[in-house]
file input-v8.pdb (PDB, C-alpha atoms)
ATOM      1  CA  MET A  52       4.415  45.801 -25.691  1.00  0.00           C
ATOM      2  CA  THR A  53       2.396  42.602 -25.954  1.00  0.00           C
ATOM      3  CA  HIS A  54       0.451  41.149 -23.099  1.00  0.00           C
ATOM      4  CA  ASN A  55       1.689  37.671 -22.106  1.00  0.00           C
ATOM      5  CA  PRO A  56      -0.738  35.954 -19.683  1.00  0.00           C
ATOM      6  CA  ALA A  57       1.726  33.095 -18.986  1.00  0.00           C
ATOM      7  CA  ALA A  58       4.251  35.545 -17.545  1.00  0.00           C
ATOM      8  CA  GLU A  59       1.800  36.837 -14.960  1.00  0.00           C
ATOM      9  CA  PRO A  60       1.466  34.966 -11.677  1.00  0.00           C
ATOM     10  CA  GLN A  61      -1.766  33.061 -11.561  1.00  0.00           C
ATOM     11  CA  GLU A  62      -3.853  32.929  -8.454  1.00  0.00           C
ATOM     12  CA  GLU A  63      -4.632  29.313  -7.637  1.00  0.00           C
ATOM     13  CA  SER A  64      -6.687  28.144  -4.751  1.00  0.00           C
ATOM     14  CA  LEU A  65      -5.054  26.474  -1.785  1.00  0.00           C
ATOM     15  CA  GLY A  66      -6.978  23.268  -2.513  1.00  0.00           C
ATOM     16  CA  SER A  67      -5.671  23.027  -6.061  1.00  0.00           C
ATOM     17  CA  LEU A  68      -2.115  23.682  -4.868  1.00  0.00           C
ATOM     18  CA  VAL A  69      -2.423  20.939  -2.230  1.00  0.00           C
ATOM     19  CA  ALA A  70      -3.905  18.556  -4.813  1.00  0.00           C
ATOM     20  CA  ALA A  71      -1.062  19.300  -7.235  1.00  0.00           C
ATOM     21  CA  ALA A  72       1.561  18.833  -4.508  1.00  0.00           C
ATOM     22  CA  SER A  73      -0.060  15.575  -3.448  1.00  0.00           C
ATOM     23  CA  SER A  74      -0.071  14.356  -7.035  1.00  0.00           C
ATOM     24  CA  HIS A  75       3.589  15.278  -7.484  1.00  0.00           C
ATOM     25  CA  ILE A  76       4.576  13.583  -4.218  1.00  0.00           C
ATOM     26  CA  SER A  77       2.640  10.463  -5.190  1.00  0.00           C
ATOM     27  CA  THR A  78       4.354  10.377  -8.574  1.00  0.00           C
ATOM     28  CA  LEU A  79       7.747  10.899  -6.937  1.00  0.00           C
ATOM     29  CA  VAL A  80       7.156   8.089  -4.430  1.00  0.00           C
ATOM     30  CA  ARG A  81       6.045   5.699  -7.194  1.00  0.00           C
ATOM     31  CA  ALA A  82       9.132   6.588  -9.249  1.00  0.00           C
ATOM     32  CA  GLU A  83      11.407   6.025  -6.243  1.00  0.00           C
ATOM     33  CA  ILE A  84       9.784   2.646  -5.573  1.00  0.00           C
ATOM     34  CA  GLU A  85      10.290   1.623  -9.207  1.00  0.00           C
ATOM     35  CA  LEU A  86      13.914   2.745  -9.036  1.00  0.00           C
ATOM     36  CA  ALA A  87      14.442   0.745  -5.851  1.00  0.00           C
ATOM     37  CA  LYS A  88      12.872  -2.336  -7.483  1.00  0.00           C
ATOM     38  CA  ALA A  89      15.131  -2.005 -10.515  1.00  0.00           C
ATOM     39  CA  GLU A  90      18.218  -1.610  -8.358  1.00  0.00           C
ATOM     40  CA  LEU A  91      17.175  -4.561  -6.208  1.00  0.00           C
ATOM     41  CA  ARG A  92      16.671  -6.769  -9.280  1.00  0.00           C
ATOM     42  CA  PHE A  93      20.104  -5.790 -10.576  1.00  0.00           C
ATOM     43  CA  ASP A  94      21.740  -6.438  -7.201  1.00  0.00           C
ATOM     44  CA  ALA A  95      19.864  -9.727  -6.761  1.00  0.00           C
ATOM     45  CA  LYS A  96      21.172 -10.963 -10.103  1.00  0.00           C
ATOM     46  CA  ARG A  97      24.730 -10.072  -9.111  1.00  0.00           C
ATOM     47  CA  VAL A  98      24.348 -11.713  -5.692  1.00  0.00           C
ATOM     48  CA  GLY A  99      22.866 -14.830  -7.295  1.00  0.00           C
ATOM     49  CA  LEU A 100      25.733 -15.106  -9.741  1.00  0.00           C
ATOM     50  CA  ALA A 101      28.297 -14.564  -6.978  1.00  0.00           C
ATOM     51  CA  ALA A 102      26.603 -17.208  -4.797  1.00  0.00           C
ATOM     52  CA  GLY A 103      26.716 -19.673  -7.694  1.00  0.00           C
ATOM     53  CA  LEU A 104      30.408 -18.983  -8.231  1.00  0.00           C
ATOM     54  CA  PHE A 105      31.115 -19.432  -4.510  1.00  0.00           C
ATOM     55  CA  ALA A 106      29.195 -22.717  -4.512  1.00  0.00           C
ATOM     56  CA  ALA A 107      31.203 -23.976  -7.496  1.00  0.00           C
ATOM     57  CA  ALA A 108      34.450 -22.956  -5.799  1.00  0.00           C
ATOM     58  CA  ALA A 109      33.396 -24.686  -2.566  1.00  0.00           C
ATOM     59  CA  PHE A 110      32.544 -27.872  -4.492  1.00  0.00           C
ATOM     60  CA  MET A 111      35.927 -27.854  -6.212  1.00  0.00           C
ATOM     61  CA  ALA A 112      37.704 -27.179  -2.900  1.00  0.00           C
ATOM     62  CA  HIS A 113      35.809 -30.116  -1.380  1.00  0.00           C
ATOM     63  CA  LEU A 114      37.027 -32.365  -4.199  1.00  0.00           C
ATOM     64  CA  CYS A 115      40.584 -31.135  -3.586  1.00  0.00           C
ATOM     65  CA  LEU A 116      40.210 -31.906   0.123  1.00  0.00           C
ATOM     66  CA  ILE A 117      39.152 -35.467  -0.704  1.00  0.00           C
ATOM     67  CA  LEU A 118      42.118 -35.918  -3.039  1.00  0.00           C
ATOM     68  CA  ALA A 119      44.468 -34.395  -0.451  1.00  0.00           C
ATOM     69  CA  SER A 120      43.112 -36.835   2.137  1.00  0.00           C
ATOM     70  CA  PHE A 121      43.992 -39.763  -0.125  1.00  0.00           C
ATOM     71  CA  ALA A 122      47.437 -38.265  -0.744  1.00  0.00           C
ATOM     72  CA  ILE A 123      48.046 -37.829   3.004  1.00  0.00           C
ATOM     73  CA  ALA A 124      46.914 -41.385   3.727  1.00  0.00           C
ATOM     74  CA  TYR A 125      49.140 -42.854   1.029  1.00  0.00           C
ATOM     75  CA  ALA A 126      52.031 -40.637   2.212  1.00  0.00           C
ATOM     76  CA  LEU A 127      51.621 -42.137   5.700  1.00  0.00           C
ATOM     77  CA  VAL A 128      51.766 -45.591   4.132  1.00  0.00           C
ATOM     78  CA  GLY A 129      54.855 -44.756   2.077  1.00  0.00           C
ATOM     79  CA  VAL A 130      56.849 -42.746   4.619  1.00  0.00           C
ATOM     80  CA  PHE A 131      56.009 -44.496   7.901  1.00  0.00           C
ATOM     81  CA  ASP A 132      55.212 -47.911   6.394  1.00  0.00           C
ATOM     82  CA  TRP A 133      51.749 -47.933   8.016  1.00  0.00           C
ATOM     83  CA  ALA A 134      49.035 -50.288   6.916  1.00  0.00           C
ATOM     84  CA  GLU A 135      46.586 -48.603   4.535  1.00  0.00           C
ATOM     85  CA  GLY A 136      43.689 -49.089   6.944  1.00  0.00           C
ATOM     86  CA  TRP A 137      45.519 -47.349   9.792  1.00  0.00           C
ATOM     87  CA  ALA A 138      46.626 -44.496   7.534  1.00  0.00           C
ATOM     88  CA  PHE A 139      43.076 -43.832   6.313  1.00  0.00           C
ATOM     89  CA  ALA A 140      41.731 -44.206   9.865  1.00  0.00           C
ATOM     90  CA  THR A 141      44.276 -41.630  11.093  1.00  0.00           C
ATOM     91  CA  VAL A 142      43.273 -39.128   8.408  1.00  0.00           C
ATOM     92  CA  THR A 143      39.595 -39.728   9.201  1.00  0.00           C
ATOM     93  CA  LEU A 144      40.212 -39.277  12.933  1.00  0.00           C
ATOM     94  CA  PHE A 145      42.023 -35.993  12.241  1.00  0.00           C
ATOM     95  CA  TYR A 146      39.043 -34.683  10.253  1.00  0.00           C
ATOM     96  CA  LEU A 147      36.627 -35.802  12.978  1.00  0.00           C
ATOM     97  CA  ILE A 148      38.644 -33.912  15.607  1.00  0.00           C
ATOM     98  CA  VAL A 149      38.703 -30.773  13.442  1.00  0.00           C
ATOM     99  CA  ALA A 150      34.943 -31.076  12.818  1.00  0.00           C
ATOM    100  CA  GLY A 151      34.310 -31.513  16.561  1.00  0.00           C
ATOM    101  CA  LEU A 152      36.341 -28.384  17.349  1.00  0.00           C
ATOM    102  CA  LEU A 153      34.425 -26.397  14.730  1.00  0.00           C
ATOM    103  CA  VAL A 154      31.102 -27.567  16.197  1.00  0.00           C
ATOM    104  CA  PHE A 155      32.288 -26.640  19.699  1.00  0.00           C
ATOM    105  CA  VAL A 156      33.306 -23.138  18.600  1.00  0.00           C
ATOM    106  CA  GLY A 157      30.050 -22.704  16.653  1.00  0.00           C
ATOM    107  CA  VAL A 158      27.922 -23.716  19.631  1.00  0.00           C
ATOM    108  CA  ARG A 159      29.842 -21.320  21.874  1.00  0.00           C
ATOM    109  CA  ARG A 160      29.205 -18.508  19.401  1.00  0.00           C
ATOM    110  CA  LEU A 161      25.482 -19.284  19.293  1.00  0.00           C
ATOM    111  CA  LYS A 162      25.229 -19.249  23.084  1.00  0.00           C
ATOM    112  CA  GLY A 163      26.360 -15.627  23.002  1.00  0.00           C
ATOM    113  CA  LEU A 164      23.279 -14.541  21.061  1.00  0.00           C
ATOM    114  CA  THR A 165      20.829 -12.512  23.083  1.00  0.00           C
ATOM    115  CA  GLY A 166      18.020 -12.319  20.589  1.00  0.00           C
ATOM    116  CA  MET A 167      16.296  -9.042  19.965  1.00  0.00           C
ATOM    117  CA  LYS A 168      15.540  -8.067  23.557  1.00  0.00           C
ATOM    118  CA  ARG A 169      15.257  -4.347  22.927  1.00  0.00           C
ATOM    119  CA  THR A 170      13.093  -4.775  19.842  1.00  0.00           C
ATOM    120  CA  LEU A 171      10.768  -7.249  21.564  1.00  0.00           C
ATOM    121  CA  ARG A 172      10.449  -4.963  24.596  1.00  0.00           C
ATOM    122  CA  SER A 173       9.661  -2.020  22.319  1.00  0.00           C
ATOM    123  CA  LEU A 174       7.026  -4.028  20.437  1.00  0.00           C
ATOM    124  CA  LYS A 175       5.432  -5.151  23.705  1.00  0.00           C
ATOM    125  CA  THR A 176       5.365  -1.549  24.889  1.00  0.00           C
ATOM    126  CA  ILE A 177       3.735  -0.406  21.674  1.00  0.00           C
ATOM    127  CA  LYS A 178       1.250  -3.269  21.766  1.00  0.00           C
ATOM    128  CA  SER A 179       0.247  -2.578  25.363  1.00  0.00           C
ATOM    129  CA  GLY A 180      -0.122   1.132  24.607  1.00  0.00           C
ATOM    130  CA  GLU A 181       2.188   2.255  27.400  1.00  0.00           C
ATOM    131  CA  SER A 182       4.431   5.232  27.046  1.00  0.00           C
ATOM    132  CA  GLU A 183       8.110   4.349  26.890  1.00  0.00           C
ATOM    133  CA  LEU A 184       8.847   6.956  29.544  1.00  0.00           C
ATOM    134  CA  SER A 185       6.260   5.596  31.983  1.00  0.00           C
ATOM    135  CA  GLY A 186       7.453   1.973  31.745  1.00  0.00           C
ATOM    136  CA  SER A 187       8.863   0.520  34.919  1.00  0.00           C
ATOM    137  CA  SER A 188      11.705  -1.253  33.094  1.00  0.00           C
ATOM    138  CA  VAL A 189      13.487   2.023  32.354  1.00  0.00           C
ATOM    139  CA  ALA A 190      15.657   3.399  35.121  1.00  0.00           C
ATOM    140  CA  PRO A 191      15.822   7.169  35.599  1.00  0.00           C
ATOM    141  CA  VAL A 192      18.854   8.923  34.207  1.00  0.00           C
ATOM    142  CA  PRO A 193      21.197  10.327  36.864  1.00  0.00           C
ATOM    143  CA  SER A 194      21.751  14.051  36.549  1.00  0.00           C
ATOM    144  CA  SER A 195      25.517  13.611  36.036  1.00  0.00           C
ATOM    145  CA  ALA A 196      25.040  11.234  33.088  1.00  0.00           C
ATOM    146  CA  PRO A 197      25.308  12.711  29.612  1.00  0.00           C
ATOM    147  CA  SER A 198      22.029  12.954  27.772  1.00  0.00           C
ATOM    148  CA  PRO A 199      21.546  10.423  24.954  1.00  0.00           C
ATOM    149  CA  SER A 200      22.117  11.726  21.461  1.00  0.00           C
ATOM    150  CA  ALA A 201      19.312   9.699  19.910  1.00  0.00           C
ATOM    151  CA  GLY A 202      15.907   8.567  21.026  1.00  0.00           C
ATOM    152  CA  LYS A 203      13.683  10.183  23.573  1.00  0.00           C
ATOM    153  CA  PRO A 204      15.152  12.643  26.049  1.00  0.00           C
ATOM    154  CA  GLY A 205      15.700  11.199  29.489  1.00  0.00           C
ATOM    155  CA  VAL A 206      15.596   7.548  28.399  1.00  0.00           C
ATOM    156  CA  PRO A 207      18.986   5.863  28.755  1.00  0.00           C
ATOM    157  CA  ARG A 208      20.250   3.769  25.912  1.00  0.00           C
ATOM    158  CA  GLU A 209      20.867   0.125  26.641  1.00  0.00           C
ATOM    159  CA  SER A 210      23.983  -1.717  25.643  1.00  0.00           C
ATOM    160  CA  VAL A 211      23.651  -3.912  22.581  1.00  0.00           C
ATOM    161  CA  LYS A 212      26.299  -6.290  23.931  1.00  0.00           C
ATOM    162  CA  PRO A 213      25.029  -9.126  26.131  1.00  0.00           C
ATOM    163  CA  ASP A 214      25.527  -8.764  29.854  1.00  0.00           C
ATOM    164  CA  GLN A 215      28.718 -10.484  30.890  1.00  0.00           C
TER     165      GLN A 215
END

call {"tool": "encode", "arguments": {"input": "input-v8.pdb", "output": "structure tokens"}}
result
Amino acid sequence: MTHNPAAEPQEESLGSLVAAASSHISTLVRAEIELAKAELRFDAKRVGLAAGLFAAAAFMAHLCLILASFAIAYALVGVFDWAEGWAFATVTLFYLIVAGLLVFVGVRRLKGLTGMKRTLRSLKTIKSGESELSGSSVAPVPSSAPSPSAGKPGVPRESVKPDQ
């Protein structure tokens, strides 16, 4: 029988094994980063194309809205025998009312934003070097309350919804 040195287990030092593992991990991380970059480039191209198509569709819809406005105004002139000026003023007033309602709803939606209270508090805690458990802003958990499934034990989770 022939002697095959490759088949025998080789004794390597712990340092060389750690160096090899570190090299392999570094190579793996670099490969994953390159893969993520490639996927991001591909997705960015698709998102850019989709955004361009949406912009073109919005432009064409805007042109249709303008033409529909003229058609509505002339229909008011033809059907109700209104003066052209009053018909166009009525259509314009309708659009101004709709725009005002949209602004009102948008402002109401923005007032509901709470910002990133939890994130800012966490960053301030980290910056000041305090422990999250020793902070005075955290109330103790009652013994009857279920323990949180994520985060540190004994620290209650806060609601993401704004206080009503």

call {"tool": "atom_distance", "arguments": {"input": "input-v8.pdb", "atom1": "atom CA of Phe121 of chain A", "atom2": "atom CA of Val142 of chain A"}}
result
8.6 Å

call {"tool": "atom_distance", "arguments": {"input": "input-v8.pdb", "atom1": "atom CA of Ala107 of chain A", "atom2": "atom CA of Lys88 of chain A"}}
result
28.4 Å

call {"tool": "atom_distance", "arguments": {"input": "input-v8.pdb", "atom1": "atom CA of Leu152 of chain A", "atom2": "atom CA of Ala124 of chain A"}}
result
21.6 Å

call {"tool": "axis_aligned_box", "arguments": {"input": "input-v8.pdb", "around": "segment 93-107 of chain A", "padding_each_side": "6 Å", "output": "JSON"}}
result
{"center_x": 25.5, "center_y": -14.9, "center_z": -7.5, "size_x": 23.3, "size_y": 30.2, "size_z": 18.1}

call {"tool": "residues_around", "arguments": {"input": "input-v8.pdb", "residues": "Glu135 of chain A", "least_positions_apart": "3", "cutoff": "8 Å", "atoms": "only C-alpha atoms", "output": "number ranges by chain"}}
result
A: 124-125, 128, 138-139

call {"tool": "decode", "arguments": {"input": "input-v8.pdb", "residues": "segment 108-131 of chain A", "atoms": "N, CA and C atoms", "output": "mmCIF file, in the first residue's frame"}}
result
data_model
loop_
_atom_site.group_PDB
_atom_site.id
_atom_site.type_symbol
_atom_site.label_atom_id
_atom_site.label_comp_id
_atom_site.auth_asym_id
_atom_site.auth_seq_id
_atom_site.Cartn_x
_atom_site.Cartn_y
_atom_site.Cartn_z
ATOM 1 N N ALA A 108 -46.634 58.726 -17.299
ATOM 2 C CA ALA A 108 -48.072 58.484 -17.147
ATOM 3 C C ALA A 108 -48.745 59.649 -16.416
ATOM 4 N N ALA A 109 -48.083 60.187 -15.397
ATOM 5 C CA ALA A 109 -48.655 61.324 -14.667
ATOM 6 C C ALA A 109 -48.757 62.552 -15.570
ATOM 7 N N PHE A 110 -47.753 62.777 -16.415
ATOM 8 C CA PHE A 110 -47.788 63.904 -17.344
ATOM 9 C C PHE A 110 -48.951 63.753 -18.318
ATOM 10 N N MET A 111 -49.119 62.552 -18.851
ATOM 11 C CA MET A 111 -50.214 62.323 -19.796
ATOM 12 C C MET A 111 -51.573 62.449 -19.106
ATOM 13 N N ALA A 112 -51.677 61.974 -17.861
ATOM 14 C CA ALA A 112 -52.927 62.124 -17.115
ATOM 15 C C ALA A 112 -53.218 63.600 -16.846
ATOM 16 N N HIS A 113 -52.169 64.376 -16.580
ATOM 17 C CA HIS A 113 -52.346 65.817 -16.371
ATOM 18 C C HIS A 113 -52.877 66.485 -17.634
ATOM 19 N N LEU A 114 -52.329 66.104 -18.792
ATOM 20 C CA LEU A 114 -52.842 66.641 -20.053
ATOM 21 C C LEU A 114 -54.312 66.259 -20.259
ATOM 22 N N CYS A 115 -54.665 65.027 -19.907
ATOM 23 C CA CYS A 115 -56.059 64.592 -20.035
ATOM 24 C C CYS A 115 -56.962 65.382 -19.099
ATOM 25 N N LEU A 116 -56.467 65.699 -17.896
ATOM 26 C CA LEU A 116 -57.249 66.491 -16.959
ATOM 27 C C LEU A 116 -57.509 67.895 -17.515
ATOM 28 N N ILE A 117 -56.503 68.473 -18.148
ATOM 29 C CA ILE A 117 -56.676 69.797 -18.754
ATOM 30 C C ILE A 117 -57.725 69.741 -19.863
ATOM 31 N N LEU A 118 -57.611 68.727 -20.730
ATOM 32 C CA LEU A 118 -58.587 68.589 -21.810
ATOM 33 C C LEU A 118 -59.985 68.314 -21.266
ATOM 34 N N ALA A 119 -60.081 67.512 -20.209
ATOM 35 C CA ALA A 119 -61.385 67.233 -19.602
ATOM 36 C C ALA A 119 -61.969 68.505 -18.997
ATOM 37 N N SER A 120 -61.111 69.350 -18.444
ATOM 38 C CA SER A 120 -61.593 70.620 -17.878
ATOM 39 C C SER A 120 -62.209 71.492 -18.960
ATOM 40 N N PHE A 121 -61.559 71.569 -20.120
ATOM 41 C CA PHE A 121 -62.122 72.327 -21.236
ATOM 42 C C PHE A 121 -63.452 71.717 -21.676
ATOM 43 N N ALA A 122 -63.493 70.378 -21.740
ATOM 44 C CA ALA A 122 -64.726 69.710 -22.168
ATOM 45 C C ALA A 122 -65.857 69.983 -21.180
ATOM 46 N N ILE A 123 -65.556 69.949 -19.877
ATOM 47 C CA ILE A 123 -66.587 70.222 -18.870
ATOM 48 C C ILE A 123 -67.074 71.666 -18.995
ATOM 49 N N ALA A 124 -66.139 72.589 -19.165
ATOM 50 C CA ALA A 124 -66.522 74.001 -19.278
ATOM 51 C C ALA A 124 -67.400 74.227 -20.497
ATOM 52 N N TYR A 125 -67.020 73.662 -21.640
ATOM 53 C CA TYR A 125 -67.826 73.839 -22.836
ATOM 54 C C TYR A 125 -69.152 73.087 -22.729
ATOM 55 N N ALA A 126 -69.195 71.974 -21.979
ATOM 56 C CA ALA A 126 -70.457 71.274 -21.752
ATOM 57 C C ALA A 126 -71.390 72.142 -20.921
ATOM 58 N N LEU A 127 -70.846 72.859 -19.928
ATOM 59 C CA LEU A 127 -71.675 73.779 -19.139
ATOM 60 C C LEU A 127 -72.239 74.897 -20.016
ATOM 61 N N VAL A 128 -71.427 75.347 -20.961
ATOM 62 C CA VAL A 128 -71.897 76.393 -21.882
ATOM 63 C C VAL A 128 -73.001 75.844 -22.766
ATOM 64 N N GLY A 129 -72.803 74.638 -23.303
ATOM 65 C CA GLY A 129 -73.773 74.068 -24.234
ATOM 66 C C GLY A 129 -75.055 73.605 -23.575
ATOM 67 N N VAL A 130 -74.963 72.956 -22.422
ATOM 68 C CA VAL A 130 -76.136 72.370 -21.782
ATOM 69 C C VAL A 130 -76.928 73.406 -21.000
ATOM 70 N N PHE A 131 -76.238 74.217 -20.194
ATOM 71 C CA PHE A 131 -76.936 75.175 -19.325
ATOM 72 C C PHE A 131 -76.948 76.595 -19.891
#
